[in-house]
>>> print(open('coords-v5.tsv').read())   # TSV, C-alpha atoms and all ligand atoms
chain	number	residue	atom	x	y	z
U	1	MET	CA	-7.31	26.99	4.23
U	2	ARG	CA	-5.55	23.67	3.50
U	3	TYR	CA	-7.70	21.90	6.11
U	4	GLN	CA	-10.91	23.33	4.58
U	5	VAL	CA	-9.84	22.03	1.17
U	6	LEU	CA	-8.82	18.62	2.45
U	7	ARG	CA	-11.71	17.99	4.89
U	8	PRO	CA	-14.53	17.14	2.48
U	9	PRO	CA	-12.66	14.27	0.70
U	10	TYR	CA	-11.48	12.77	4.04
U	11	CYS	CA	-15.04	12.92	5.45
U	12	TYR	CA	-16.28	11.27	2.29
U	13	ARG	CA	-13.67	8.47	2.56
U	14	TRP	CA	-14.59	7.83	6.23
U	15	ALA	CA	-18.27	7.69	5.31
U	16	VAL	CA	-17.54	5.18	2.54
U	17	LEU	CA	-15.35	3.10	4.86
U	18	ILE	CA	-17.97	3.03	7.63
U	19	SER	CA	-20.76	2.15	5.24
U	20	VAL	CA	-18.63	-0.64	3.66
U	21	VAL	CA	-17.96	-2.07	7.15
U	22	LEU	CA	-21.67	-1.83	8.05
U	23	VAL	CA	-22.75	-3.52	4.79
U	24	THR	CA	-20.14	-6.28	5.29
U	25	ILE	CA	-21.32	-6.93	8.86
U	26	SER	CA	-24.97	-7.05	7.81
U	27	LEU	CA	-24.06	-9.39	4.92
U	28	ILE	CA	-22.19	-11.74	7.30
U	29	ILE	CA	-25.13	-11.73	9.73
U	30	SER	CA	-27.68	-12.42	7.00
U	31	LEU	CA	-25.54	-15.19	5.47
U	32	SER	CA	-25.03	-16.92	8.82
U	33	TRP	CA	-28.77	-16.75	9.50
U	34	SER	CA	-29.71	-18.27	6.14
U	35	GLY	CA	-27.02	-20.94	6.67
U	36	ALA	CA	-28.39	-21.87	10.08
U	37	GLU	CA	-31.91	-22.19	8.74
U	38	GLY	CA	-30.90	-23.72	5.44
U	39	SER	CA	-28.64	-26.56	6.52
U	40	PRO	CA	-31.24	-28.77	8.25
U	41	VAL	CA	-33.65	-28.19	5.38
U	42	ALA	CA	-30.97	-29.11	2.83
U	43	SER	CA	-29.96	-32.31	4.65
U	44	HIS	CA	-33.53	-33.39	5.30
U	45	PRO	CA	-34.39	-36.31	2.99
U	46	GLU	CA	-37.20	-36.06	0.51
U	47	PRO	CA	-40.37	-37.37	2.17
U	48	GLY	CA	-40.82	-41.08	1.46
U	49	GLN	CA	-37.36	-41.55	-0.07
U	50	PRO	CA	-35.83	-43.78	2.63
U	51	ILE	CA	-38.97	-45.91	2.80
U	52	ARG	CA	-38.87	-46.59	-0.95
U	53	ALA	CA	-35.17	-47.40	-0.83
U	54	THR	CA	-35.03	-49.75	2.14
U	55	SER	CA	-38.27	-51.58	2.77
U	56	THR	CA	-40.91	-53.68	1.09
U	57	PRO	CA	-44.65	-53.08	1.41
U	58	PRO	CA	-45.68	-54.32	4.86
U	59	PRO	CA	-47.45	-57.68	4.96
U	60	ALA	CA	-51.12	-57.85	5.96
U	61	PRO	CA	-51.46	-57.34	9.74
U	62	GLY	CA	-50.58	-60.57	11.52
U	63	ALA	CA	-49.34	-62.38	8.40
U	64	PRO	CA	-45.95	-64.08	8.73
U	65	VAL	CA	-43.11	-62.30	6.90
U	66	ARG	CA	-42.13	-64.03	3.65
U	67	THR	CA	-39.87	-61.43	2.02
U	68	THR	CA	-36.42	-59.95	2.48
U	69	ALA	CA	-35.99	-56.59	4.21
U	70	ARG	CA	-34.68	-54.96	1.02
U	71	GLN	CA	-36.31	-55.03	-2.39
U	72	GLY	CA	-34.28	-56.20	-5.35
U	73	ARG	CA	-32.17	-59.26	-6.05
U	74	PHE	CA	-31.88	-60.38	-2.43
U	75	VAL	CA	-32.55	-63.67	-0.66
U	76	ALA	CA	-32.80	-64.40	3.07
U	77	LEU	CA	-31.45	-67.78	4.18
U	78	THR	CA	-33.02	-69.18	7.36
U	79	PHE	CA	-31.78	-72.20	9.33
U	80	ASP	CA	-34.10	-73.92	11.80
U	81	ASP	CA	-33.97	-76.25	14.80
U	82	GLY	CA	-30.36	-75.63	15.88
U	83	PRO	CA	-27.96	-74.73	17.16
U	84	ASP	CA	-26.15	-78.01	16.50
U	85	PRO	CA	-22.44	-78.53	17.26
U	86	ALA	CA	-21.96	-80.73	14.16
U	87	TYR	CA	-23.60	-78.51	11.54
U	88	THR	CA	-24.02	-74.90	12.74
U	89	PRO	CA	-20.26	-74.08	12.71
U	90	LYS	CA	-19.88	-75.66	9.23
U	91	ILE	CA	-22.78	-73.60	7.92
U	92	LEU	CA	-21.32	-70.43	9.48
U	93	ASP	CA	-17.99	-71.11	7.73
U	94	LEU	CA	-19.71	-71.63	4.35
U	95	LEU	CA	-21.70	-68.42	4.80
U	96	ALA	CA	-18.50	-66.51	5.64
U	97	GLN	CA	-16.70	-67.90	2.56
U	98	HIS	CA	-19.40	-66.44	0.31
U	99	GLY	CA	-20.04	-63.20	2.20
U	100	ALA	CA	-23.53	-64.37	3.12
U	101	VAL	CA	-25.71	-63.65	6.15
U	102	ALA	CA	-28.53	-65.79	7.51
U	103	THR	CA	-31.12	-65.98	10.27
U	104	PHE	CA	-31.04	-68.85	12.77
U	105	CYS	CA	-34.35	-70.00	14.27
U	106	MET	CA	-33.22	-71.72	17.44
U	107	VAL	CA	-34.97	-74.15	19.76
U	108	GLY	CA	-34.68	-73.43	23.50
U	109	THR	CA	-33.64	-76.98	24.46
U	110	GLN	CA	-30.73	-76.78	21.97
U	111	VAL	CA	-29.81	-73.25	23.08
U	112	ARG	CA	-29.47	-74.48	26.68
U	113	ARG	CA	-27.17	-77.32	25.57
U	114	HIS	CA	-24.98	-75.16	23.32
U	115	PRO	CA	-25.08	-71.52	24.46
U	116	GLU	CA	-21.60	-70.96	22.98
U	117	LEU	CA	-23.06	-71.58	19.51
U	118	VAL	CA	-25.59	-68.79	20.03
U	119	GLU	CA	-22.70	-66.44	20.82
U	120	LEU	CA	-20.82	-67.68	17.74
U	121	VAL	CA	-23.83	-67.10	15.46
U	122	VAL	CA	-24.20	-63.55	16.79
U	123	ARG	CA	-20.46	-62.85	16.56
U	124	ARG	CA	-20.52	-63.84	12.88
U	125	GLY	CA	-23.12	-61.13	12.18
U	126	MET	CA	-26.13	-63.42	11.88
U	127	ARG	CA	-29.59	-62.79	13.34
U	128	LEU	CA	-31.50	-64.77	15.92
U	129	CYS	CA	-35.04	-66.09	15.68
U	130	ASP	CA	-37.07	-67.65	18.52
U	131	HIS	CA	-38.34	-71.12	17.52
U	132	THR	CA	-39.93	-72.02	20.92
U	133	VAL	CA	-38.48	-74.05	23.78
U	134	SER	CA	-39.87	-77.46	22.84
U	135	HIS	CA	-40.58	-77.36	19.06
U	136	ASP	CA	-44.16	-78.45	19.63
U	137	GLU	CA	-45.76	-78.59	16.16
U	138	GLU	CA	-49.20	-78.75	17.81
U	139	LEU	CA	-48.64	-75.35	19.42
U	140	PRO	CA	-51.84	-73.78	17.98
U	141	LYS	CA	-53.89	-76.35	19.96
U	142	ARG	CA	-52.33	-75.43	23.33
U	143	ASN	CA	-53.80	-72.90	25.73
U	144	GLU	CA	-52.55	-69.33	25.82
U	145	ALA	CA	-50.42	-69.76	28.97
U	146	ARG	CA	-48.60	-72.74	27.46
U	147	ILE	CA	-48.04	-70.96	24.13
U	148	SER	CA	-46.74	-67.89	25.93
U	149	ALA	CA	-44.36	-69.96	28.09
U	150	ASP	CA	-42.99	-71.81	25.04
U	151	ILE	CA	-42.33	-68.55	23.17
U	152	THR	CA	-41.00	-66.40	26.03
U	153	GLY	CA	-38.98	-69.32	27.43
U	154	ALA	CA	-36.92	-69.62	24.24
U	155	LEU	CA	-36.54	-65.85	24.13
U	156	SER	CA	-35.05	-65.94	27.66
U	157	ASP	CA	-32.79	-68.86	26.67
U	158	LEU	CA	-31.45	-66.87	23.70
U	159	ARG	CA	-30.90	-63.73	25.77
U	160	LEU	CA	-29.08	-65.66	28.47
U	161	ALA	CA	-26.88	-67.47	25.94
U	162	ALA	CA	-26.11	-64.29	23.98
U	163	ASP	CA	-25.43	-62.33	27.20
U	164	GLY	CA	-28.46	-60.09	27.30
U	165	ASP	CA	-28.45	-57.28	24.83
U	166	VAL	CA	-28.70	-59.11	21.51
U	167	PRO	CA	-31.93	-58.50	19.59
U	168	VAL	CA	-34.22	-61.39	18.65
U	169	PRO	CA	-36.25	-59.76	15.86
U	170	TYR	CA	-38.13	-62.86	14.63
U	171	PHE	CA	-40.28	-65.72	15.85
U	172	ARG	CA	-41.02	-68.78	13.72
U	173	ALA	CA	-43.77	-71.24	14.71
U	174	PRO	CA	-42.69	-74.92	14.75
U	175	GLY	CA	-43.72	-76.55	11.46
U	176	GLY	CA	-44.98	-73.15	10.29
U	177	ASN	CA	-48.19	-73.87	12.23
U	178	TRP	CA	-49.56	-70.46	13.13
U	179	SER	CA	-52.56	-69.19	15.06
U	180	GLU	CA	-53.77	-65.70	15.92
U	181	THR	CA	-52.73	-66.26	19.54
U	182	ILE	CA	-49.19	-67.30	18.52
U	183	ILE	CA	-48.80	-64.24	16.29
U	184	ALA	CA	-50.21	-61.92	18.97
U	185	ILE	CA	-47.82	-63.22	21.64
U	186	ALA	CA	-44.79	-63.04	19.31
U	187	SER	CA	-45.72	-59.46	18.37
U	188	ARG	CA	-46.23	-58.53	22.02
U	189	GLU	CA	-42.66	-59.75	22.69
U	190	GLY	CA	-41.35	-57.54	19.86
U	191	MET	CA	-40.77	-60.31	17.32
U	192	ALA	CA	-41.98	-60.42	13.71
U	193	PRO	CA	-43.69	-63.71	12.80
U	194	LEU	CA	-41.33	-65.28	10.25
U	195	GLY	CA	-42.59	-67.53	7.48
U	196	TRP	CA	-40.79	-68.57	4.28
U	197	SER	CA	-41.45	-68.45	0.54
U	198	VAL	CA	-39.11	-71.26	-0.56
U	199	ASP	CA	-39.12	-74.63	1.28
U	200	SER	CA	-35.88	-76.45	0.41
U	201	ARG	CA	-37.51	-79.65	1.80
U	202	ASP	CA	-34.11	-80.56	3.25
U	203	TRP	CA	-35.99	-81.95	6.26
U	204	THR	CA	-37.26	-84.86	4.07
U	205	LEU	CA	-33.60	-85.89	3.48
U	206	PRO	CA	-34.03	-86.14	-0.32
U	207	GLY	CA	-30.26	-85.95	-1.02
U	208	SER	CA	-28.25	-82.79	-1.62
U	209	PRO	CA	-28.84	-82.69	-5.43
U	210	ALA	CA	-32.60	-82.60	-4.81
U	211	ILE	CA	-32.23	-79.81	-2.22
U	212	VAL	CA	-30.11	-77.80	-4.68
U	213	ALA	CA	-32.62	-78.39	-7.51
U	214	THR	CA	-35.60	-77.38	-5.35
U	215	VAL	CA	-34.02	-74.09	-4.30
U	216	ARG	CA	-32.67	-73.28	-7.78
U	217	GLN	CA	-36.09	-73.79	-9.29
U	218	ALA	CA	-38.08	-71.86	-6.64
U	219	VAL	CA	-35.76	-68.97	-5.76
U	220	HIS	CA	-36.86	-65.44	-6.68
U	221	PRO	CA	-35.90	-61.90	-5.66
U	222	GLY	CA	-37.04	-61.32	-2.08
U	223	ALA	CA	-37.24	-65.05	-1.26
U	224	VAL	CA	-37.03	-66.29	2.33
U	225	ILE	CA	-35.52	-69.79	2.08
U	226	LEU	CA	-36.18	-72.50	4.69
U	227	LEU	CA	-33.22	-74.74	5.56
U	228	HIS	CA	-32.18	-76.67	8.70
U	229	ASP	CA	-28.98	-76.73	10.74
U	230	GLY	CA	-30.49	-78.88	13.51
U	231	GLY	CA	-33.22	-81.36	14.34
U	232	GLY	CA	-31.52	-84.35	12.72
U	233	GLN	CA	-28.80	-85.36	10.30
U	234	ARG	CA	-27.99	-82.28	8.20
U	235	ARG	CA	-25.03	-83.36	6.06
U	236	GLN	CA	-27.23	-83.04	2.96
U	237	THR	CA	-28.07	-79.44	3.84
U	238	VAL	CA	-24.40	-78.57	4.34
U	239	ALA	CA	-23.46	-80.20	0.99
U	240	ALA	CA	-26.35	-78.46	-0.78
U	241	LEU	CA	-25.39	-75.10	0.72
U	242	ALA	CA	-21.81	-75.47	-0.58
U	243	GLU	CA	-23.30	-75.60	-4.10
U	244	LEU	CA	-26.12	-73.13	-3.63
U	245	LEU	CA	-24.09	-70.24	-2.21
U	246	PRO	CA	-21.75	-69.81	-5.23
U	247	TRP	CA	-24.69	-70.45	-7.59
U	248	LEU	CA	-26.78	-67.71	-5.94
U	249	VAL	CA	-23.83	-65.29	-6.11
U	250	ALA	CA	-23.34	-66.17	-9.82
U	251	GLN	CA	-27.03	-65.42	-10.41
U	252	GLY	CA	-26.48	-61.93	-9.01
U	253	TYR	CA	-28.22	-62.54	-5.67
U	254	GLN	CA	-27.12	-60.77	-2.51
U	255	PHE	CA	-27.94	-61.93	1.00
U	256	ASP	CA	-30.24	-60.07	3.34
U	257	PHE	CA	-32.33	-60.64	6.46
U	258	PRO	CA	-36.10	-61.09	6.38
U	259	ALA	CA	-38.33	-58.04	6.69
U	260	THR	CA	-39.53	-57.16	10.19
Z	301	ZN	ZN	-38.50	-76.24	13.17
>>> encode(input="coords-v5.tsv", output="structure tokens", more="lines below")
Ligand SMILES: [Zn+2]
Amino acid sequence: MRYQVLRPPYCYRWAVLISVVLVTISLIISLSWSGAEGSPVASHPEPGQPIRATSTPPPAPGAPVRTTARQGRFVALTFDDGPDPAYTPKILDLLAQHGAVATFCMVGTQVRRHPELVELVVRRGMRLCDHTVSHDEELPKRNEARISADITGALSDLRLAADGDVPVPYFRAPGGNWSETIIAIASREGMAPLGWSVDSRDWTLPGSPAIVATVRQAVHPGAVILLHDGGGQRRQTVAALAELLPWLVAQGYQFDFPAT
């Protein structure tokens, strides 16, 4: 009699308990499924977002790069014709003092003489640029085999000096004298042809105040600035850089690498 009275409520409680457990299990399963599907979708960036944030519109096919990698108030400093034991280390120290980076367009003959400077440039977080073995400003007039040897020779010199793995993302033609063949060979070797948008004219040795004035007047967001750490007496460039770096920082410029 007592059992008959008590049985229905106990059965009811067990049924409730079992159904609660079943509902909980199915909820856990469904939540874990939606989590597994949802997380990659949630972390996936909006289409196009990273492109807008990090890169500039690509230059016309084959045109040398003349802008910084990032858009905004950035400049890319480039130093040509080194490395040079007298000037390259001084320039690296100035860059470090002002938190700046730069790209060094090196000549193969200089790289062979001073491989330790290539290592130093890389160790300081700078980028390498192939500037041919011989710095032949008549390169566009040479035949394809000669052009190829001059470009790939300097690339090998840089890789040997920097111990192999270091990237060489840019090639700059001596004197900025380009041809379709030069651009095609540089591209084939994985290097972006690198031009400039501001010529400091430091190579004319006009005195450091003139170099400073030229850059101050011509600089603009996205500028790629041509300077020299080798190929002659570069005291004027070093003196000009000591003034230009704090001035650029005061103008709100940050330092970047050229686009690739
Ligand atoms: Zn040069």
>>> closest_atom_pairs(input="coords-v5.tsv", of="chain U", to="ligand ZN 301 (chain Z)", cutoff="6 Å", atoms="only C-alpha atoms and all ligand atoms", output="Markdown table")
| residue | atom | partner | partner_atom | distance |
| --- | --- | --- | --- | --- |
| U:Asp80 | CA | Z:ZN301 | ZN | 5.2 |
| U:Asp81 | CA | Z:ZN301 | ZN | 4.8 |
| U:Pro174 | CA | Z:ZN301 | ZN | 4.7 |
| U:Gly175 | CA | Z:ZN301 | ZN | 5.5 |
>>> residues_around(input="coords-v5.tsv", residues="range 206-210 of chain U", least_positions_apart="4", cutoff="12 Å", atoms="all atoms listed in the file", output="PDB file with C-alpha atoms, in the frame of the given file")
ATOM      1  CA  ASP U 199     -39.120 -74.630   1.280  1.00  0.00           C
ATOM      2  CA  SER U 200     -35.880 -76.450   0.410  1.00  0.00           C
ATOM      3  CA  ARG U 201     -37.510 -79.650   1.800  1.00  0.00           C
ATOM      4  CA  ASP U 202     -34.110 -80.560   3.250  1.00  0.00           C
ATOM      5  CA  THR U 214     -35.600 -77.380  -5.350  1.00  0.00           C
ATOM      6  CA  VAL U 215     -34.020 -74.090  -4.300  1.00  0.00           C
ATOM      7  CA  ARG U 216     -32.670 -73.280  -7.780  1.00  0.00           C
ATOM      8  CA  GLN U 217     -36.090 -73.790  -9.290  1.00  0.00           C
ATOM      9  CA  LEU U 227     -33.220 -74.740   5.560  1.00  0.00           C
ATOM     10  CA  GLN U 233     -28.800 -85.360  10.300  1.00  0.00           C
ATOM     11  CA  ARG U 234     -27.990 -82.280   8.200  1.00  0.00           C
ATOM     12  CA  ARG U 235     -25.030 -83.360   6.060  1.00  0.00           C
ATOM     13  CA  GLN U 236     -27.230 -83.040   2.960  1.00  0.00           C
ATOM     14  CA  THR U 237     -28.070 -79.440   3.840  1.00  0.00           C
ATOM     15  CA  VAL U 238     -24.400 -78.570   4.340  1.00  0.00           C
ATOM     16  CA  ALA U 239     -23.460 -80.200   0.990  1.00  0.00           C
ATOM     17  CA  ALA U 240     -26.350 -78.460  -0.780  1.00  0.00           C
ATOM     18  CA  LEU U 241     -25.390 -75.100   0.720  1.00  0.00           C
ATOM     19  CA  ALA U 242     -21.810 -75.470  -0.580  1.00  0.00           C
ATOM     20  CA  GLU U 243     -23.300 -75.600  -4.100  1.00  0.00           C
ATOM     21  CA  LEU U 244     -26.120 -73.130  -3.630  1.00  0.00           C
TER      22      LEU U 244
END
>>> closest_residue(input="coords-v5.tsv", among="U:Ala96, U:Met106, U:Ala173, U:Leu139", to="Ala161 in chain U", atoms="all atoms listed in the file")
U:Met106
>>> atom_distance(input="coords-v5.tsv", atom1="CA of Asp130 in chain U", atom2="CA of Pro83 in chain U")
11.6 Å
>>> residues_around(input="coords-v5.tsv", residues="Ala162 in chain U", least_positions_apart="5", cutoff="8 Å", atoms="only C-alpha atoms", output="compact mmCIF listing (two decimals) with C-alpha atoms, in the coordinates of the input")
# COMPACT_ATOMS: atom_id res chain seq x y z
CA PRO U 115 -25.08 -71.52 24.46
CA VAL U 118 -25.59 -68.79 20.03
CA GLU U 119 -22.70 -66.44 20.82
CA VAL U 122 -24.20 -63.55 16.79
>>> residues_around(input="coords-v5.tsv", residues="Gly82 in chain U", least_positions_apart="6", cutoff="7 Å", atoms="only C-alpha atoms", output="number ranges by chain")
U: 106-107, 110, 229-231
